[in-house]
>>> print(open('target-v7.txt').read())   # compact mmCIF, C-alpha atoms and all ligand atoms
# COMPACT_ATOMS: atom_id res chain seq x y z
CA MET A 1119 -6.32 -14.12 -19.63
CA ASP A 1120 -2.83 -13.15 -18.57
CA PHE A 1121 -0.68 -15.56 -16.57
CA THR A 1122 2.40 -13.33 -16.31
CA PHE A 1123 3.71 -10.96 -13.68
CA THR A 1124 4.52 -7.39 -14.71
CA ASP A 1125 8.21 -6.55 -15.31
CA ASP A 1126 8.38 -4.81 -11.91
CA GLU A 1127 6.79 -7.76 -10.15
CA ASP A 1128 9.14 -10.14 -11.89
CA ALA A 1129 12.18 -8.06 -10.90
CA TYR A 1130 10.99 -8.05 -7.25
CA ARG A 1131 10.42 -11.80 -7.47
CA HIS A 1132 14.00 -12.37 -8.62
CA GLU A 1133 15.35 -10.09 -5.92
CA LEU A 1134 13.34 -11.99 -3.29
CA ARG A 1135 14.53 -15.35 -4.56
CA ARG A 1136 18.14 -14.20 -4.23
CA PHE A 1137 17.44 -12.80 -0.75
CA ALA A 1138 15.68 -16.01 0.36
CA THR A 1139 18.53 -18.17 -0.89
CA LYS A 1140 21.44 -16.06 0.34
CA VAL A 1141 20.14 -14.40 3.51
CA LEU A 1142 17.30 -16.59 4.84
CA ALA A 1143 18.03 -20.20 3.87
CA PRO A 1144 21.36 -20.46 5.76
CA HIS A 1145 19.50 -19.90 9.07
CA TYR A 1146 16.42 -22.02 8.40
CA GLN A 1147 17.59 -25.13 10.23
CA SER A 1148 19.77 -23.48 12.89
CA ASP A 1149 16.87 -21.18 13.90
CA ASP A 1150 14.69 -24.27 14.31
CA LYS A 1151 17.29 -25.89 16.55
CA ALA A 1152 17.65 -22.71 18.62
CA ALA A 1153 13.82 -22.61 18.84
CA LYS A 1154 13.68 -18.89 19.33
CA LEU A 1155 13.12 -15.84 17.18
CA ARG A 1156 16.36 -14.35 15.86
CA PRO A 1157 15.97 -10.52 15.95
CA GLN A 1158 18.14 -10.19 12.82
CA LEU A 1159 15.49 -12.14 10.89
CA VAL A 1160 12.93 -9.39 11.50
CA ALA A 1161 15.49 -6.71 10.60
CA ASP A 1162 16.40 -8.54 7.37
CA LEU A 1163 12.74 -8.91 6.37
CA ALA A 1164 12.08 -5.25 7.17
CA SER A 1165 15.08 -4.18 5.07
CA MET A 1166 13.36 -5.83 2.08
CA GLY A 1167 10.01 -4.15 2.85
CA LEU A 1168 8.51 -7.51 3.78
CA THR A 1169 7.09 -6.47 7.16
CA GLY A 1170 5.01 -3.69 5.62
CA LEU A 1171 3.85 -5.12 2.33
CA ARG A 1172 0.15 -4.34 2.80
CA ILE A 1173 0.66 -1.13 4.77
CA PRO A 1174 -0.11 2.14 2.93
CA GLU A 1175 2.92 4.15 1.81
CA ARG A 1176 1.80 7.12 3.94
CA HIS A 1177 2.31 4.87 7.00
CA GLY A 1178 5.73 3.61 5.91
CA GLY A 1179 4.64 0.48 4.04
CA GLN A 1180 4.94 -0.81 0.49
CA GLU A 1181 1.22 -0.63 -0.32
CA ALA A 1182 1.74 -3.80 -2.36
CA SER A 1183 -1.09 -5.62 -4.09
CA ALA A 1184 -2.42 -8.86 -2.64
CA VAL A 1185 -0.80 -10.69 -5.57
CA VAL A 1186 2.61 -9.25 -4.68
CA ALA A 1187 2.15 -10.16 -1.00
CA GLY A 1188 1.39 -13.74 -2.06
CA MET A 1189 4.35 -13.81 -4.40
CA ALA A 1190 6.60 -12.56 -1.57
CA ALA A 1191 5.32 -15.29 0.77
CA GLU A 1192 5.98 -17.92 -1.89
CA GLU A 1193 9.55 -16.73 -2.54
CA VAL A 1194 10.48 -16.19 1.11
CA ALA A 1195 9.15 -19.66 2.03
CA ARG A 1196 11.54 -21.24 -0.48
CA GLY A 1197 14.43 -20.09 1.72
CA ASP A 1198 12.79 -20.10 5.14
CA PHE A 1199 9.18 -21.17 5.43
CA ASN A 1200 8.96 -19.69 8.92
CA ALA A 1201 9.99 -16.23 7.78
CA SER A 1202 6.80 -16.17 5.71
CA TYR A 1203 4.81 -15.99 8.98
CA PHE A 1204 5.81 -12.33 9.17
CA ILE A 1205 4.26 -11.69 5.78
CA ILE A 1206 1.11 -13.62 6.69
CA VAL A 1207 0.50 -12.16 10.18
CA ASN A 1208 1.55 -8.62 9.23
CA ALA A 1209 -0.64 -8.65 6.12
CA LEU A 1210 -3.63 -9.95 8.07
CA VAL A 1211 -3.24 -7.49 10.95
CA SER A 1212 -2.41 -4.46 8.82
CA ASP A 1213 -5.29 -5.13 6.44
CA ILE A 1214 -7.74 -5.26 9.34
CA LEU A 1215 -6.31 -2.03 10.75
CA THR A 1216 -6.35 -0.16 7.43
CA ARG A 1217 -9.98 -1.09 6.92
CA ASN A 1218 -11.24 -0.55 10.46
CA ALA A 1219 -8.94 1.72 12.50
CA THR A 1220 -9.15 5.52 12.44
CA GLU A 1221 -6.49 7.51 10.58
CA GLU A 1222 -4.94 8.50 13.97
CA GLN A 1223 -4.82 4.89 15.12
CA GLN A 1224 -3.25 3.79 11.83
CA ALA A 1225 -0.67 6.58 11.99
CA ALA A 1226 0.32 5.44 15.49
CA TRP A 1227 0.27 1.66 14.98
CA LEU A 1228 1.25 0.87 11.40
CA PRO A 1229 4.68 2.59 10.94
CA PRO A 1230 6.44 0.52 13.65
CA ILE A 1231 5.03 -2.67 12.12
CA ALA A 1232 6.30 -1.65 8.67
CA SER A 1233 9.76 -0.82 10.00
CA GLY A 1234 9.98 -4.12 11.90
CA GLU A 1235 10.37 -2.33 15.28
CA VAL A 1236 7.19 -3.96 16.48
CA VAL A 1237 6.14 -7.60 16.00
CA PRO A 1238 2.36 -8.05 15.97
CA ALA A 1239 0.29 -11.11 16.84
CA PHE A 1240 -3.27 -12.01 16.27
CA CYS A 1241 -5.31 -13.41 19.21
CA ILE A 1242 -8.61 -15.12 18.56
CA THR A 1243 -8.28 -18.80 19.60
CA GLU A 1244 -9.12 -19.79 23.19
CA PRO A 1245 -8.69 -23.11 24.97
CA GLY A 1246 -12.39 -23.91 24.54
CA HIS A 1247 -13.00 -22.26 21.16
CA GLY A 1248 -10.94 -22.74 17.99
CA THR A 1249 -12.98 -23.50 14.89
CA ASP A 1250 -16.04 -22.30 16.76
CA ALA A 1251 -14.38 -18.93 17.35
CA ALA A 1252 -17.59 -16.86 17.52
CA LYS A 1253 -18.24 -18.42 20.95
CA LEU A 1254 -15.08 -16.91 22.42
CA GLU A 1255 -15.30 -16.04 26.12
CA MET A 1256 -12.54 -13.55 26.82
CA LYS A 1257 -14.15 -10.51 28.42
CA ALA A 1258 -13.61 -6.81 27.80
CA GLU A 1259 -15.37 -4.89 30.55
CA PRO A 1260 -15.78 -1.12 30.69
CA ASP A 1261 -13.42 0.39 33.26
CA GLY A 1262 -13.45 4.16 33.74
CA ASP A 1263 -12.62 5.67 30.38
CA GLY A 1264 -11.31 2.39 28.92
CA TRP A 1265 -11.59 -1.38 29.24
CA ARG A 1266 -10.19 -4.33 31.14
CA LEU A 1267 -9.38 -7.58 29.33
CA THR A 1268 -9.69 -10.86 31.19
CA GLY A 1269 -9.26 -14.36 29.80
CA GLU A 1270 -6.91 -16.69 27.96
CA LYS A 1271 -5.86 -16.78 24.32
CA THR A 1272 -4.02 -19.84 23.11
CA SER A 1273 -2.05 -21.13 20.14
CA ILE A 1274 -0.89 -17.63 19.27
CA THR A 1275 1.77 -17.46 16.55
CA LEU A 1276 4.77 -15.41 17.74
CA GLY A 1277 3.05 -15.31 21.11
CA MET A 1278 6.33 -15.23 23.08
CA SER A 1279 7.95 -12.55 20.92
CA ALA A 1280 5.12 -10.25 19.86
CA ASP A 1281 5.05 -6.69 21.20
CA VAL A 1282 1.45 -5.95 20.29
CA ALA A 1283 -1.64 -7.93 19.36
CA LEU A 1284 -5.03 -7.57 17.83
CA VAL A 1285 -7.17 -9.27 20.47
CA LEU A 1286 -10.81 -10.30 20.10
CA ALA A 1287 -12.88 -10.10 23.27
CA ARG A 1288 -16.54 -10.14 24.21
CA THR A 1289 -18.07 -6.75 24.92
CA GLY A 1290 -21.69 -7.74 24.33
CA GLY A 1291 -24.06 -10.69 24.18
CA PRO A 1292 -23.47 -14.16 22.73
CA GLY A 1293 -22.30 -14.84 19.17
CA ALA A 1294 -20.21 -12.95 16.65
CA ARG A 1295 -22.01 -9.62 17.14
CA GLY A 1296 -20.94 -9.47 20.79
CA VAL A 1297 -17.23 -9.48 19.91
CA SER A 1298 -14.95 -6.43 19.60
CA ALA A 1299 -11.31 -6.04 18.52
CA PHE A 1300 -8.64 -4.31 20.62
CA TRP A 1301 -5.08 -3.24 19.83
CA VAL A 1302 -3.09 -4.27 22.89
CA GLU A 1303 0.49 -3.79 24.12
CA LEU A 1304 1.64 -7.18 25.42
CA ASP A 1305 4.67 -6.21 27.48
CA ASP A 1306 2.67 -5.67 30.66
CA ALA A 1307 2.53 -7.20 34.14
CA TYR A 1308 -1.15 -8.03 33.51
CA VAL A 1309 -0.15 -10.37 30.64
CA SER A 1310 1.64 -13.67 31.22
CA ARG A 1311 2.81 -16.02 28.49
CA ALA A 1312 3.57 -19.73 28.24
CA THR A 1313 5.17 -21.33 25.21
CA PHE A 1314 4.24 -24.57 23.38
CA ASP A 1315 6.81 -27.25 22.57
CA ASP A 1316 5.83 -27.64 18.92
CA LEU A 1317 6.48 -30.12 16.15
CA GLY A 1318 7.52 -27.38 13.73
CA SER A 1319 7.97 -23.63 13.21
CA ARG A 1320 9.92 -23.64 16.46
CA ALA A 1321 11.73 -20.37 15.76
CA ILE A 1322 8.40 -18.60 15.42
CA GLY A 1323 6.68 -20.39 18.28
CA ARG A 1324 3.17 -20.47 19.63
CA ALA A 1325 2.08 -19.40 23.08
CA SER A 1326 -0.83 -19.09 25.46
CA LEU A 1327 -1.44 -15.57 26.71
CA HIS A 1328 -3.24 -14.93 30.00
CA PHE A 1329 -4.85 -11.50 30.40
CA ASP A 1330 -5.44 -10.83 34.07
CA GLY A 1331 -7.65 -7.72 33.93
CA LEU A 1332 -5.31 -5.85 31.58
CA PRO A 1333 -6.36 -2.17 31.44
CA VAL A 1334 -6.52 -0.78 27.88
CA PRO A 1335 -7.43 2.77 26.87
CA LYS A 1336 -10.65 3.71 25.13
CA ASP A 1337 -8.88 4.25 21.82
CA ALA A 1338 -7.55 0.67 21.83
CA LEU A 1339 -10.93 -0.35 20.39
CA VAL A 1340 -10.61 -1.06 16.64
CA GLY A 1341 -13.74 -0.31 14.62
CA GLY A 1342 -17.07 -0.14 16.38
CA GLU A 1343 -18.11 -2.08 19.46
CA GLY A 1344 -19.41 -5.50 18.37
CA GLN A 1345 -17.72 -5.33 14.97
CA GLY A 1346 -14.50 -7.18 15.83
CA PHE A 1347 -15.45 -10.62 14.62
CA VAL A 1348 -16.86 -9.51 11.29
CA SER A 1349 -13.90 -7.26 10.46
CA VAL A 1350 -11.42 -10.02 11.32
CA MET A 1351 -13.21 -12.59 9.20
CA GLN A 1352 -13.08 -10.19 6.25
CA GLY A 1353 -9.28 -10.05 6.71
CA PHE A 1354 -9.05 -13.83 6.53
CA ASP A 1355 -10.78 -13.82 3.17
CA TYR A 1356 -7.54 -13.42 1.28
CA SER A 1357 -4.75 -14.07 3.81
CA ARG A 1358 -5.67 -17.72 3.35
CA ALA A 1359 -4.35 -17.58 -0.21
CA ILE A 1360 -1.10 -16.03 1.05
CA ILE A 1361 -0.77 -18.95 3.47
CA GLY A 1362 -1.37 -21.29 0.54
CA LEU A 1363 1.46 -19.73 -1.45
CA ALA A 1364 3.88 -19.90 1.48
CA CYS A 1365 3.19 -23.64 1.75
CA LEU A 1366 3.55 -24.07 -2.01
CA GLY A 1367 6.89 -22.21 -1.97
CA ALA A 1368 8.25 -24.75 0.55
CA ALA A 1369 6.85 -27.59 -1.57
CA GLN A 1370 8.21 -26.21 -4.85
CA VAL A 1371 11.76 -25.80 -3.56
CA SER A 1372 11.62 -29.37 -2.22
CA LEU A 1373 10.42 -30.57 -5.61
CA ASP A 1374 13.19 -28.64 -7.41
CA GLU A 1375 15.75 -30.28 -5.12
CA ALA A 1376 14.21 -33.74 -5.61
CA LEU A 1377 14.29 -33.31 -9.40
CA GLN A 1378 17.96 -32.39 -9.25
CA TRP A 1379 18.65 -35.38 -7.02
CA SER A 1380 16.83 -37.61 -9.51
CA ARG A 1381 19.30 -36.49 -12.18
CA ASP A 1382 22.36 -36.90 -9.94
CA ARG A 1383 21.71 -40.07 -7.96
CA GLU A 1384 22.36 -43.38 -9.68
CA ALA A 1385 20.97 -46.81 -8.87
CA PHE A 1386 21.13 -49.98 -10.93
CA GLY A 1387 23.46 -48.18 -13.34
CA SER A 1388 21.12 -45.26 -14.19
CA PRO A 1389 20.05 -41.91 -12.75
CA ILE A 1390 17.02 -42.64 -10.57
CA GLY A 1391 15.03 -40.09 -12.62
CA THR A 1392 14.99 -42.58 -15.49
CA PHE A 1393 12.77 -44.86 -13.39
CA GLN A 1394 9.13 -43.98 -13.84
CA GLY A 1395 8.55 -45.01 -10.23
CA VAL A 1396 10.64 -41.98 -9.28
CA ALA A 1397 9.74 -39.54 -12.06
CA PHE A 1398 5.96 -40.03 -12.22
CA PRO A 1399 5.18 -39.21 -8.57
CA LEU A 1400 7.23 -36.03 -9.00
CA ALA A 1401 5.40 -35.24 -12.26
CA GLU A 1402 2.08 -35.70 -10.46
CA GLN A 1403 3.05 -33.41 -7.58
CA ALA A 1404 4.32 -30.79 -10.08
CA THR A 1405 0.89 -30.87 -11.76
CA TYR A 1406 -1.02 -30.49 -8.49
CA LEU A 1407 1.28 -27.66 -7.37
CA CYS A 1408 0.58 -25.85 -10.63
CA GLY A 1409 -3.20 -26.17 -10.09
CA ALA A 1410 -3.09 -25.05 -6.45
CA ARG A 1411 -0.85 -22.11 -7.31
CA HIS A 1412 -3.39 -20.93 -9.90
CA ILE A 1413 -6.17 -20.99 -7.31
CA CYS A 1414 -4.07 -19.01 -4.81
CA TYR A 1415 -3.15 -16.34 -7.33
CA GLU A 1416 -6.70 -16.19 -8.68
CA ALA A 1417 -8.01 -15.52 -5.14
CA LEU A 1418 -5.44 -12.71 -4.72
CA TRP A 1419 -6.08 -11.27 -8.18
CA ARG A 1420 -9.80 -11.22 -7.41
CA LYS A 1421 -9.12 -9.43 -4.12
CA ASP A 1422 -7.04 -6.81 -5.96
CA ASN A 1423 -9.80 -6.35 -8.53
CA ASP A 1424 -12.65 -6.21 -5.99
CA VAL A 1425 -14.16 -9.44 -7.26
CA GLU A 1426 -15.75 -11.91 -4.79
CA HIS A 1427 -13.03 -14.37 -3.74
CA SER A 1428 -14.02 -16.16 -0.52
CA THR A 1429 -14.54 -19.49 -2.34
CA GLU A 1430 -11.13 -19.36 -4.05
CA ALA A 1431 -9.39 -18.29 -0.81
CA ALA A 1432 -11.02 -21.18 1.08
CA MET A 1433 -10.02 -23.60 -1.72
CA ALA A 1434 -6.45 -22.29 -1.47
CA LYS A 1435 -6.38 -22.73 2.32
CA PHE A 1436 -7.65 -26.28 2.39
CA TRP A 1437 -5.76 -27.57 -0.62
CA ALA A 1438 -2.35 -25.89 -0.66
CA PRO A 1439 -1.06 -26.79 2.85
CA LYS A 1440 -2.28 -30.39 2.46
CA LEU A 1441 -0.75 -30.67 -1.00
CA ALA A 1442 2.49 -29.10 0.23
CA ALA A 1443 2.75 -31.73 2.99
CA GLU A 1444 2.10 -34.54 0.48
CA THR A 1445 4.60 -33.14 -2.01
CA ILE A 1446 7.33 -32.62 0.56
CA HIS A 1447 6.74 -36.15 1.86
CA GLN A 1448 7.17 -37.53 -1.68
CA CYS A 1449 10.36 -35.49 -2.11
CA LEU A 1450 11.72 -36.76 1.20
CA LEU A 1451 11.24 -40.33 -0.04
CA THR A 1452 13.02 -39.47 -3.29
CA PHE A 1453 16.12 -38.60 -1.27
CA GLY A 1454 16.11 -42.04 0.37
CA HIS A 1455 17.97 -42.24 3.67
CA LEU A 1456 19.40 -38.74 3.20
CA GLY A 1457 15.90 -37.25 3.26
CA TYR A 1458 15.25 -38.74 6.68
CA SER A 1459 18.29 -37.05 8.21
CA SER A 1460 17.94 -33.75 10.04
CA GLU A 1461 20.88 -32.59 7.89
CA SER A 1462 18.33 -32.19 5.10
CA PRO A 1463 15.84 -29.30 5.29
CA VAL A 1464 13.09 -31.43 3.73
CA GLY A 1465 11.90 -33.09 6.94
CA GLN A 1466 11.74 -29.71 8.68
CA ARG A 1467 9.67 -28.28 5.83
CA LEU A 1468 7.23 -31.14 6.30
CA ARG A 1469 6.93 -30.48 10.04
CA ASP A 1470 6.53 -26.77 9.38
CA VAL A 1471 3.83 -26.84 6.67
CA ILE A 1472 1.65 -29.23 8.69
CA GLY A 1473 1.18 -26.39 11.19
CA LEU A 1474 -0.66 -24.37 8.57
CA GLU A 1475 -3.01 -27.25 7.86
CA ILE A 1476 -4.40 -26.23 11.28
CA GLY A 1477 -3.37 -22.61 11.85
CA ASP A 1478 -5.80 -20.03 10.46
CA GLY A 1479 -8.49 -22.73 10.39
CA THR A 1480 -8.49 -26.39 9.40
CA ALA A 1481 -9.49 -27.81 6.02
CA GLN A 1482 -12.94 -28.54 7.46
CA VAL A 1483 -13.79 -24.91 8.08
CA SER A 1484 -12.56 -23.99 4.59
CA LYS A 1485 -14.74 -26.71 3.07
CA LEU A 1486 -17.68 -25.39 5.06
CA VAL A 1487 -17.16 -21.96 3.45
CA ILE A 1488 -16.91 -23.54 -0.02
CA ALA A 1489 -20.01 -25.69 0.54
CA ARG A 1490 -21.94 -22.67 1.84
CA ASN A 1491 -21.00 -20.67 -1.25
CA LEU A 1492 -21.89 -23.58 -3.57
CA LEU A 1493 -25.06 -24.83 -1.90
CA GLY A 1494 -26.36 -21.92 0.16
CA ARG A 1495 -26.24 -21.37 3.93
CA ALA A 1496 -29.32 -23.54 4.52
CA TYR A 1497 -27.31 -26.60 3.43
CA ALA A 1498 -24.03 -25.72 5.18
CA PRO A 1499 -24.92 -23.84 8.37
C1 LIG A 1501 0.71 -23.39 13.63
C2 LIG A 1501 -0.51 -22.76 14.22
C3 LIG A 1501 -0.58 -21.39 14.28
C4 LIG A 1501 -1.71 -20.78 14.85
N1 LIG A 1501 -1.73 -19.42 14.99
C5 LIG A 1501 -2.79 -18.82 15.57
C6 LIG A 1501 -2.77 -17.40 15.82
O1 LIG A 1501 -1.80 -16.70 15.51
N2 LIG A 1501 -3.84 -16.85 16.42
C7 LIG A 1501 -4.92 -17.58 16.80
O2 LIG A 1501 -5.86 -16.99 17.32
N3 LIG A 1501 -4.96 -18.92 16.60
C8 LIG A 1501 -3.92 -19.55 16.01
N4 LIG A 1501 -3.91 -20.91 15.83
C9 LIG A 1501 -5.06 -21.68 16.28
C10 LIG A 1501 -5.91 -22.18 15.11
O3 LIG A 1501 -6.55 -21.12 14.47
C11 LIG A 1501 -6.87 -23.24 15.65
O4 LIG A 1501 -6.08 -24.32 16.10
C12 LIG A 1501 -7.85 -23.71 14.59
O5 LIG A 1501 -8.77 -22.70 14.29
C13 LIG A 1501 -8.59 -24.97 15.04
O6 LIG A 1501 -9.12 -24.83 16.32
P1 LIG A 1501 -8.84 -25.95 17.43
O7 LIG A 1501 -7.39 -26.26 17.41
O8 LIG A 1501 -9.44 -25.51 18.70
O9 LIG A 1501 -9.57 -27.24 16.89
P2 LIG A 1501 -11.14 -27.62 17.12
O10 LIG A 1501 -11.99 -26.47 16.72
O11 LIG A 1501 -11.31 -28.19 18.47
O12 LIG A 1501 -11.30 -28.79 16.03
C14 LIG A 1501 -10.75 -30.09 16.27
C15 LIG A 1501 -11.00 -30.93 15.01
O13 LIG A 1501 -12.41 -30.98 14.74
C16 LIG A 1501 -12.67 -30.48 13.43
N5 LIG A 1501 -13.92 -29.71 13.45
C17 LIG A 1501 -14.31 -28.73 14.29
N6 LIG A 1501 -15.51 -28.26 13.95
C18 LIG A 1501 -15.91 -28.95 12.86
C19 LIG A 1501 -17.06 -28.92 12.01
N7 LIG A 1501 -18.06 -28.06 12.23
N8 LIG A 1501 -17.11 -29.77 10.97
C20 LIG A 1501 -16.09 -30.65 10.71
N9 LIG A 1501 -14.97 -30.70 11.47
C21 LIG A 1501 -14.87 -29.86 12.52
C22 LIG A 1501 -11.48 -29.60 13.08
O14 LIG A 1501 -11.30 -29.55 11.67
C23 LIG A 1501 -10.33 -30.33 13.78
O15 LIG A 1501 -9.84 -31.35 12.96
C24 LIG A 1501 -2.80 -21.55 15.30
C25 LIG A 1501 -2.72 -22.95 15.22
C26 LIG A 1501 -1.59 -23.54 14.71
C27 LIG A 1501 -1.49 -25.04 14.67
>>> encode(input="target-v7.txt", output="C-alpha cells")
Amino acid sequence: MDFTFTDDEDAYRHELRRFATKVLAPHYQSDDKAAKLRPQLVADLASMGLTGLRIPERHGGQEASAVVAGMAAEEVARGDFNASYFIIVNALVSDILTRNATEEQQAAWLPPIASGEVVPAFCITEPGHGTDAAKLEMKAEPDGDGWRLTGEKTSITLGMSADVALVLARTGGPGARGVSAFWVELDDAYVSRATFDDLGSRAIGRASLHFDGLPVPKDALVGGEGQGFVSVMQGFDYSRAIIGLACLGAAQVSLDEALQWSRDREAFGSPIGTFQGVAFPLAEQATYLCGARHICYEALWRKDNDVEHSTEAAMAKFWAPKLAAETIHQCLLTFGHLGYSSESPVGQRLRDVIGLEIGDGTAQVSKLVIARNLLGRAYAP
C-alpha cells in the first residue's frame, strides 16, 4: 500500500493549487454572472497543459496518468469548479479517440484539443433518451461517400461554445450495436443550437443541438460501424472518478474555509468551532470526503494499472457528487447569513456540483452498474 503521490506529482499538485487560487478563483463568480465562456479561461488552462492531459505527447498532450488527471480536476475545482469541465470532457473525448480513432484521425483531431484551439463536446443524450441512452434515435444515413446526421442532441455541456463534438448516431438496427460515433465540426449551417437557462455551471452552459441533415465525410466515423456505444461506455469507466474528484475539490475547499471560519467567528464569547454542534458535522464531512477520495483515486490507480475498475468508478460517480453537495450545504450553514449571500462562493459551488449528480449519468445508473458487478447481470438487468 502506498497512499502518497510521487515527488513530480506532488510538485504539479502544488503548482496547480497556486494556479487555481491565483488565476482561476478570481473569475469563478464573475464568470457565473456573465453566464458565458471566457476565452481566456481556455487559454489559461491550455497554458498549464490541462486541456491535453490524456492526449499522447506525440499529439501535443501531456500523456498524463489517470491519477494525475483526477488530481488536476480536484485542484482546479478548488479554484473554479467549472474549469474542471475542460479536464473531464477533454479526458473523456481524447481517451475515446486514442483508443478508437486511426493514427491519421488522431493526428488531425487531438493537437488542436491539446492546445486549447478547439473546444470539444460530447453528444449522446437526446430529448427522449438519457439514462436509456442505447435507444438513441439520431440517424446517420449513408450519403454518397459519407453520411448525413439528422436528429437532436440535448443537455450538451459546452454546447454553445464547442467547435467539434463526438456524436453518437444510429447507423444500424435497434440497441447499442446499431450505434456509431462520429467526429463532427459544429460550426455549420446544418447545426443549430439553443441554450439552457441553468441553475449552475452557467459559464460552461448546456445546449440542445439540432442536426438538420448535416453532411459528414466518410472519415468522420470513429472506430467501426456499430461500435460507437461500446467504445464510449468504455471511456466513461474512469472519467466518472475524475468527475468525483472535481466535486470533492469543490467540497474540500468549502470545508477548509468553514474550518477557518469556525476558528475566527465568535458567538456566546467563544469561537464557534468550540461548539460540538459546529465542529462535529464538519468532522463527519471530513471523514466522508476522505473515504470518497480514496475510492476515486483507487478507480484511477486501477485504470492506470490495467486492473478492473468499473465498480470503483461507479461508486465514485454516485457517492462523490452527492457527498460534495451535502458537505457544501453543511459549510454554507456554518457561515450563517454570510453563506447565503451571493458574495460567498459557497452557494455557487452547491448549485454547480448538483449538476454532476445528473450529468454523465445519475446515481441510479451507477448503482445499477455496482449491483450488476456484485450480483450478476441476471439480478440487475
Ligand atoms: C450538468 C449536466 C451536464 C450534462 N452534460 C452532458 C453532455 O455533455 N453530453 C450528453 O450527452 N449529456 C449530458 N448531460 C445529460 C445527462 O447525461 C442526462 O441528463 C442523464 O444521463 C440522465 O438522463 P435524463 O436527464 O434523460 O433522465 P432520465 O433518464 O429521464 O431519468 C429521470 C430520472 O429517472 C431515474 N431513472 C431512469 N432510469 C432508471 C432506472 N432504470 N432505475 C432507477 N432510476 C432510473 C434517473 O435516475 C432520474 O432520476 C448532462 C446533464 C447535466 C445535468
>>> atom_distance(input="target-v7.txt", atom1="atom C24 of ligand LIG 1501 (chain A)", atom2="atom CA of A:Gly1479")
7.6 Å
>>> closest_atom_pairs(input="target-v7.txt", of="stretch 1151-1173 of chain A", to="stretch 1191-1203 of chain A", cutoff="9 Å", atoms="only C-alpha atoms", output="Markdown table")
| residue | atom | partner | partner_atom | distance |
| --- | --- | --- | --- | --- |
| A:Leu1159 | CA | A:Ala1201 | CA | 7.5 |
| A:Val1160 | CA | A:Ala1201 | CA | 8.3 |
| A:Leu1163 | CA | A:Ala1201 | CA | 7.9 |
| A:Leu1168 | CA | A:Ala1191 | CA | 8.9 |
>>> residues_near_ligand(input="target-v7.txt", ligand="ligand LIG 1501 (chain A)", cutoff="10 Å", atoms="all atoms listed in the file", output="VMD selection string")
chain A and resid 1203 1206 to 1207 1238 to 1251 1271 to 1277 1283 to 1286 1316 to 1320 1322 to 1326 1470 to 1486 1498 to 1499
>>> closest_residue(input="target-v7.txt", among="A:Glu1375, A:Glu1133, A:Glu1221, A:Asp1213", to="A:Arg1172", atoms="all atoms listed in the file")
A:Asp1213
>>> closest_residue(input="target-v7.txt", among="A:Ala1307, A:Arg1358, A:Phe1398, A:Met1119", to="A:Phe1436", atoms="all atoms listed in the file")
A:Arg1358
>>> build_atoms(input="target-v7.txt", residues="stretch 1293-1305 of chain A", atoms="N, CA and C atoms", output="short mmCIF file (atom, residue, chain, number, x, y, z; two decimals), in the frame of the given file")
data_model
loop_
_atom_site.label_atom_id
_atom_site.label_comp_id
_atom_site.auth_asym_id
_atom_site.auth_seq_id
_atom_site.Cartn_x
_atom_site.Cartn_y
_atom_site.Cartn_z
N GLY A 1293 -22.44 -14.82 20.63
CA GLY A 1293 -22.30 -14.84 19.17
C GLY A 1293 -21.35 -13.80 18.65
N ALA A 1294 -21.20 -13.80 17.31
CA ALA A 1294 -20.21 -12.95 16.65
C ALA A 1294 -20.44 -11.46 16.91
N ARG A 1295 -21.71 -11.05 17.00
CA ARG A 1295 -22.01 -9.62 17.14
C ARG A 1295 -21.67 -9.05 18.52
N GLY A 1296 -21.32 -9.94 19.45
CA GLY A 1296 -20.94 -9.47 20.79
C GLY A 1296 -19.43 -9.33 20.95
N VAL A 1297 -18.69 -9.45 19.83
CA VAL A 1297 -17.23 -9.48 19.91
C VAL A 1297 -16.62 -8.18 19.35
N SER A 1298 -15.64 -7.64 20.07
CA SER A 1298 -14.95 -6.43 19.60
C SER A 1298 -13.45 -6.72 19.50
N ALA A 1299 -12.76 -5.87 18.72
CA ALA A 1299 -11.31 -6.04 18.52
C ALA A 1299 -10.57 -4.92 19.25
N PHE A 1300 -9.45 -5.28 19.89
CA PHE A 1300 -8.64 -4.31 20.62
C PHE A 1300 -7.18 -4.42 20.19
N TRP A 1301 -6.51 -3.28 20.13
CA TRP A 1301 -5.08 -3.24 19.83
C TRP A 1301 -4.35 -3.11 21.16
N VAL A 1302 -3.57 -4.12 21.52
CA VAL A 1302 -3.09 -4.27 22.89
C VAL A 1302 -1.57 -4.39 22.94
N GLU A 1303 -0.95 -3.63 23.85
CA GLU A 1303 0.49 -3.79 24.12
C GLU A 1303 0.66 -5.01 25.03
N LEU A 1304 1.56 -5.92 24.67
CA LEU A 1304 1.64 -7.18 25.42
C LEU A 1304 2.68 -7.17 26.54
N ASP A 1305 3.62 -6.24 26.47
CA ASP A 1305 4.67 -6.21 27.48
C ASP A 1305 4.14 -5.52 28.72
#
